[in-house]
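Visitor: So I've got this file, structure24.txt, and it contains compact mmCIF, C-alpha atoms:
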# COMPACT_ATOMS: atom_id res chain seq x y z
CA MET A 9 -60.31 117.00 -92.55
CA ALA A 10 -63.57 116.23 -90.73
CA ARG A 11 -66.92 117.38 -91.98
CA GLU A 12 -69.06 119.56 -89.77
CA GLN A 13 -72.09 117.73 -88.41
CA ILE A 14 -75.44 119.41 -88.13
CA LYS A 15 -78.05 118.21 -85.67
CA VAL A 16 -81.67 118.27 -86.78
CA PRO A 17 -84.79 116.83 -85.14
CA PHE A 18 -86.07 113.46 -86.32
CA GLY A 19 -88.28 113.80 -89.40
CA TYR A 20 -86.88 117.20 -90.35
CA GLU A 21 -87.29 118.11 -94.00
CA PRO A 22 -85.70 121.25 -95.44
CA PRO A 23 -88.17 123.92 -96.54
CA ALA A 24 -89.11 123.87 -100.19
CA GLN A 25 -87.26 126.32 -102.38
CA THR A 26 -89.66 129.10 -103.37
CA HIS A 27 -87.53 130.83 -106.00
CA LYS A 28 -86.52 129.46 -109.37
CA GLY A 29 -83.24 129.80 -111.22
CA THR A 30 -82.05 132.05 -114.03
CA VAL A 31 -83.90 133.45 -117.04
CA PHE A 32 -81.88 134.47 -120.10
CA VAL A 33 -83.35 137.10 -122.40
CA PHE A 34 -82.07 137.25 -125.99
CA GLU A 35 -83.19 140.26 -128.01
CA THR A 36 -81.89 143.32 -129.85
CA PHE A 37 -83.32 145.55 -127.05
CA GLU A 38 -83.27 148.62 -129.30
CA ASP A 39 -87.03 149.15 -129.05
CA TRP A 40 -87.41 148.36 -125.35
CA THR A 41 -88.82 151.15 -123.20
CA GLU A 42 -88.96 151.73 -119.48
CA SER A 43 -92.51 150.35 -119.39
CA ASP A 44 -91.34 147.19 -121.21
CA MET A 45 -88.62 146.74 -118.62
CA GLN A 46 -91.06 147.29 -115.74
CA ALA A 47 -93.48 144.79 -117.28
CA PHE A 48 -90.69 142.22 -117.74
CA THR A 49 -89.42 142.56 -114.17
CA ALA A 50 -92.98 142.32 -112.81
CA TRP A 51 -93.40 139.10 -114.81
CA ALA A 52 -90.03 137.80 -113.53
CA GLU A 53 -91.03 138.56 -109.94
CA GLU A 54 -94.37 136.82 -110.47
CA LYS A 55 -92.54 133.74 -111.79
CA LYS A 56 -90.14 134.02 -108.81
CA PHE A 57 -86.89 134.01 -110.76
CA VAL A 58 -83.71 134.62 -108.79
CA ARG A 59 -81.82 136.22 -111.66
CA ALA A 60 -82.49 137.68 -115.12
CA ILE A 61 -79.66 138.05 -117.61
CA PHE A 62 -80.19 140.28 -120.61
CA TYR A 63 -78.03 139.22 -123.53
CA PRO A 64 -77.92 141.74 -126.39
CA GLN A 65 -76.44 140.26 -129.54
CA HIS A 66 -73.73 141.72 -131.77
CA GLU A 67 -74.63 143.13 -135.20
CA GLU A 68 -72.75 140.31 -136.92
CA THR A 69 -74.82 137.68 -135.12
CA LEU A 70 -78.04 139.54 -135.92
CA ARG A 71 -77.03 139.91 -139.57
CA ARG A 72 -76.49 136.16 -139.89
CA MET A 73 -79.87 135.57 -138.28
CA ALA A 74 -81.46 138.00 -140.80
CA ILE A 75 -82.58 140.36 -138.03
CA THR A 76 -82.15 144.04 -138.79
CA THR A 77 -81.12 146.61 -136.22
CA SER A 78 -80.69 150.35 -136.59
CA MET A 79 -78.54 150.88 -133.50
CA PRO A 80 -74.96 149.61 -133.08
CA TYR A 81 -74.20 147.05 -130.37
CA TYR A 82 -72.67 149.43 -127.84
CA ALA A 83 -75.53 151.93 -128.18
CA ARG A 84 -78.03 149.13 -127.50
CA VAL A 85 -76.02 147.99 -124.47
CA LYS A 86 -75.88 151.53 -123.11
CA HIS A 87 -79.64 151.92 -123.63
CA LEU A 88 -80.30 148.58 -121.91
CA GLU A 89 -78.04 149.39 -118.95
CA SER A 90 -79.86 152.69 -118.43
CA LEU A 91 -83.18 150.82 -118.39
CA VAL A 92 -81.82 148.29 -115.88
CA LYS A 93 -80.62 151.09 -113.56
CA GLN A 94 -84.10 152.64 -113.50
CA VAL A 95 -85.94 149.46 -112.56
CA ASN A 96 -86.67 148.57 -108.94
CA THR A 97 -87.05 144.82 -108.49
CA SER A 98 -86.24 141.94 -106.18
CA VAL A 99 -84.87 139.94 -109.14
CA GLN A 100 -81.13 140.30 -109.73
CA VAL A 101 -80.95 141.87 -113.20
CA ASP A 102 -77.70 141.80 -115.19
CA VAL A 103 -76.59 142.71 -118.70
CA ASP A 104 -74.05 140.29 -120.18
CA THR A 105 -71.71 141.90 -122.72
CA TRP A 106 -69.60 138.86 -123.59
CA GLU A 107 -70.68 138.95 -127.22
CA GLY A 108 -69.48 142.54 -127.51
CA LYS A 109 -66.01 141.46 -126.40
CA ARG A 110 -65.97 138.79 -129.12
CA LYS A 111 -66.93 141.35 -131.82
CA LYS A 112 -68.01 138.64 -134.23
CA TYR A 113 -70.74 136.13 -134.98
CA THR A 114 -71.60 133.99 -131.96
CA PRO A 115 -73.96 131.05 -132.46
CA LEU A 116 -76.90 130.88 -130.08
CA ASP A 117 -75.66 127.49 -128.91
CA THR A 118 -72.28 128.94 -127.90
CA SER A 119 -73.95 131.81 -126.04
CA LEU A 120 -76.21 129.43 -124.13
CA HIS A 121 -73.26 127.21 -123.16
CA PHE A 122 -71.40 130.28 -121.89
CA LEU A 123 -74.36 131.56 -119.86
CA THR A 124 -75.31 128.21 -118.32
CA GLU A 125 -71.73 127.54 -117.22
CA LYS A 126 -71.57 130.71 -115.15
CA SER A 127 -75.16 130.80 -113.83
CA SER A 128 -77.10 128.60 -111.45
CA GLY A 129 -80.02 126.56 -112.72
CA PRO A 130 -82.71 125.71 -113.43
CA TYR A 131 -82.59 127.62 -116.70
CA PHE A 132 -85.27 129.50 -118.57
CA LEU A 133 -84.97 131.22 -121.94
CA CYS A 134 -87.13 134.15 -122.96
CA LEU A 135 -87.15 134.89 -126.70
CA SER A 136 -89.31 136.98 -128.95
CA ASP A 137 -91.46 135.06 -131.41
CA ARG A 138 -89.10 135.78 -134.32
CA TYR A 139 -86.09 134.51 -132.31
CA ALA A 140 -88.03 131.39 -131.28
CA ASN A 141 -88.83 130.59 -134.91
CA LEU A 142 -85.11 130.75 -135.71
CA PHE A 143 -84.04 128.82 -132.59
CA VAL A 144 -86.34 125.89 -133.36
CA THR A 145 -84.64 125.38 -136.74
CA TYR A 146 -81.14 124.98 -135.23
CA PRO A 147 -79.85 121.41 -134.85
CA SER A 148 -79.02 122.01 -131.17
CA PHE A 149 -82.64 122.94 -130.36
CA LYS A 150 -83.58 119.34 -129.47
CA GLU A 151 -80.86 119.19 -126.81
CA TRP A 152 -81.51 122.66 -125.38
CA ILE A 153 -85.25 122.22 -125.05
CA LYS A 154 -84.54 119.30 -122.68
CA ASN A 155 -82.32 121.50 -120.45
CA LEU A 156 -84.36 124.69 -120.26
CA ARG A 157 -87.90 125.96 -120.39
CA LEU A 158 -88.76 128.35 -123.19
CA TYR A 159 -90.88 131.48 -122.80
CA ILE A 160 -91.90 133.05 -126.10
CA HIS A 161 -92.65 136.75 -125.92
CA GLU A 162 -95.36 137.61 -128.46
CA GLN A 163 -93.66 140.81 -129.54
CA PHE A 164 -93.87 140.72 -133.33
CA HIS A 165 -97.05 138.61 -133.60
CA VAL A 166 -95.59 136.24 -136.18
CA PRO A 167 -96.98 132.70 -136.45
CA LEU A 168 -94.90 130.18 -134.52
CA HIS A 169 -92.95 127.45 -136.28
CA GLY A 170 -94.80 124.12 -136.51
CA LYS A 171 -91.88 122.23 -134.96
CA LEU A 172 -92.52 124.01 -131.66
CA HIS A 173 -95.77 122.11 -131.23
CA ASP A 174 -93.80 118.85 -130.89
CA TYR A 175 -92.41 120.30 -127.63
CA ALA A 176 -95.59 122.01 -126.39
CA GLN A 177 -94.98 120.93 -122.77
CA ARG A 178 -91.59 122.74 -122.68
CA TRP A 179 -92.65 126.26 -123.73
CA GLU A 180 -95.35 128.85 -123.27
CA THR A 181 -96.15 132.27 -124.65
CA VAL A 182 -95.98 135.42 -122.53
CA ARG A 183 -96.91 139.03 -123.11
CA PHE A 184 -95.41 142.02 -121.43
CA GLY A 185 -94.97 145.62 -122.50
CA ASN A 186 -96.72 147.55 -125.25
CA GLY A 187 -99.89 147.75 -123.20
CA SER A 188 -100.25 143.96 -122.92
Is it possible to express this structure as structure tokens?
Guide:
Amino acid sequence: MAREQIKVPFGYEPPAQTHKGTVFVFETFEDWTESDMQAFTAWAEEKKFVRAIFYPQHEETLRRMAITTSMPYYARVKHLESLVKQVNTSVQVDVDTWEGKRKKYTPLDTSLHFLTEKSSGPYFLCLSDRYANLFVTYPSFKEWIKNLRLYIHEQFHVPLHGKLHDYAQRWETVRFGNGS
């Protein structure tokens, strides 16, 4: 089968891509409001992301990470989906409920493998400061930080883990929502 040939003028260079890849957001999402969602999507548009995937985690995963939540998983998903429907943005915003189908503990590493396999890169990960402090202690952190850029949302104003400073060129802090 022959390939289709395309004629272009001598010296032609394709235009530079102006939009980035996919940002994954890991959080409980129980305390997110409409203004938080608007602030996040405005930030995502400013960064020119193509797609944002919200990934609420199951209670069992949160329990193992020592993160408390007052709302059950499906209530948080329903709340998040209602926030996503209300937002008007050029970024494709999705809620991934794979962890709810598993109904058990899912390591962060497994979740990231699942999301990167079905999404186009480059990859960005947005975590709250408490999630980032946990993520940096996982053995797989060294491999993941090479494959994605980390955005740390200063939501809980906890001091960041010292190990993060070894990878200072691969992450940055952001603030959106709560009047920031």
Visitor: List the spatial neighbours of segment 117-126 of chain A as a compact mmCIF listing (two decimals) with C-alpha atoms, in the coordinates of the input - criterion: any atom at most 9 Å away, all atoms listed in the file, same-chain residues fewer than 2 positions off excluded.
Guide:
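Wrote around.txt, looks like this:
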# COMPACT_ATOMS: atom_id res chain seq x y z
CA THR A 30 -82.05 132.05 -114.03
CA PHE A 32 -81.88 134.47 -120.10
CA ILE A 61 -79.66 138.05 -117.61
CA TYR A 63 -78.03 139.22 -123.53
CA ASP A 104 -74.05 140.29 -120.18
CA TRP A 106 -69.60 138.86 -123.59
CA GLU A 107 -70.68 138.95 -127.22
CA THR A 114 -71.60 133.99 -131.96
CA PRO A 115 -73.96 131.05 -132.46
CA SER A 128 -77.10 128.60 -111.45
CA GLY A 129 -80.02 126.56 -112.72
CA TYR A 131 -82.59 127.62 -116.70
CA TYR A 146 -81.14 124.98 -135.23
CA SER A 148 -79.02 122.01 -131.17
CA PHE A 149 -82.64 122.94 -130.36
CA TRP A 152 -81.51 122.66 -125.38
Visitor: Nearest to Glu54 of chain A among A:Thr145, A:Thr97, A:Ser127, A:Thr77, with distances taken over all atoms listed in the file: which residue is it?
Guide: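 Result for the nearest residue to Glu54 of chain A: A:Thr97.
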Visitor: Quote the spacing between atom CA of Gly170 of chain A and atom CA of Pro147 of chain A in Å to one decimal place.
Guide: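 Computing it gives 15.3 Å between the two atoms.
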Visitor: Given the choices A:Val95, A:Leu172, A:Val144, A:Val182, which gets closest to Gln46 of chain A if the distance is worked out from all atoms listed in the file?
Guide: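 Closest to Gln46 of chain A, using all atoms listed in the file: A:Val95.
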Visitor: Rounded to one decimal, what separation in Å do you get between atom CA of Thr181 of chain A and atom CA of Glu162 of chain A?
Guide: 6.6 Å
Visitor: In Å to one decimal, how far is atom CA of Val99 of chain A from atom CA of Phe48 of chain A?
Guide: 10.6 Å
Visitor: Counting all atoms listed in the file, figure out which residue out of A:Val103, A:Met45, A:Val31, A:Met79 gets nearest to Phe57 of chain A.
Guide: A:Val31
Visitor: Looking at A:Met73, A:Leu88, A:Val58, A:Ala140, which one is nearest to Asp44 of chain A, with distances taken over all atoms listed in the file?
Guide: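 Selected residue with least distance to Asp44 of chain A: A:Leu88.
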Visitor: Could you tell me which of A:Thr49, A:Thr69, A:Gln13, A:Ser136 comes closest to Phe37 of chain A if we count all atoms listed in the file?
Guide: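 Nearest candidate to Phe37 of chain A out of A:Thr49, A:Thr69, A:Gln13, A:Ser136: A:Ser136.
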Visitor: With distances taken over all atoms listed in the file, which of A:Asn141, A:Ala50, A:Leu156, A:Lys150 is nearest to Leu168 of chain A?
Guide: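 Using all atoms listed in the file, Leu168 of chain A sits closest to A:Asn141.
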Visitor: Can you tell me which residues surround His169 of chain A at a distance of at most 12 Å, considering all atoms listed in the file, apart from same-chain residues fewer than 4 positions away, and format the answer as number ranges by chain?
Guide: A: 137-145, 160, 173-176
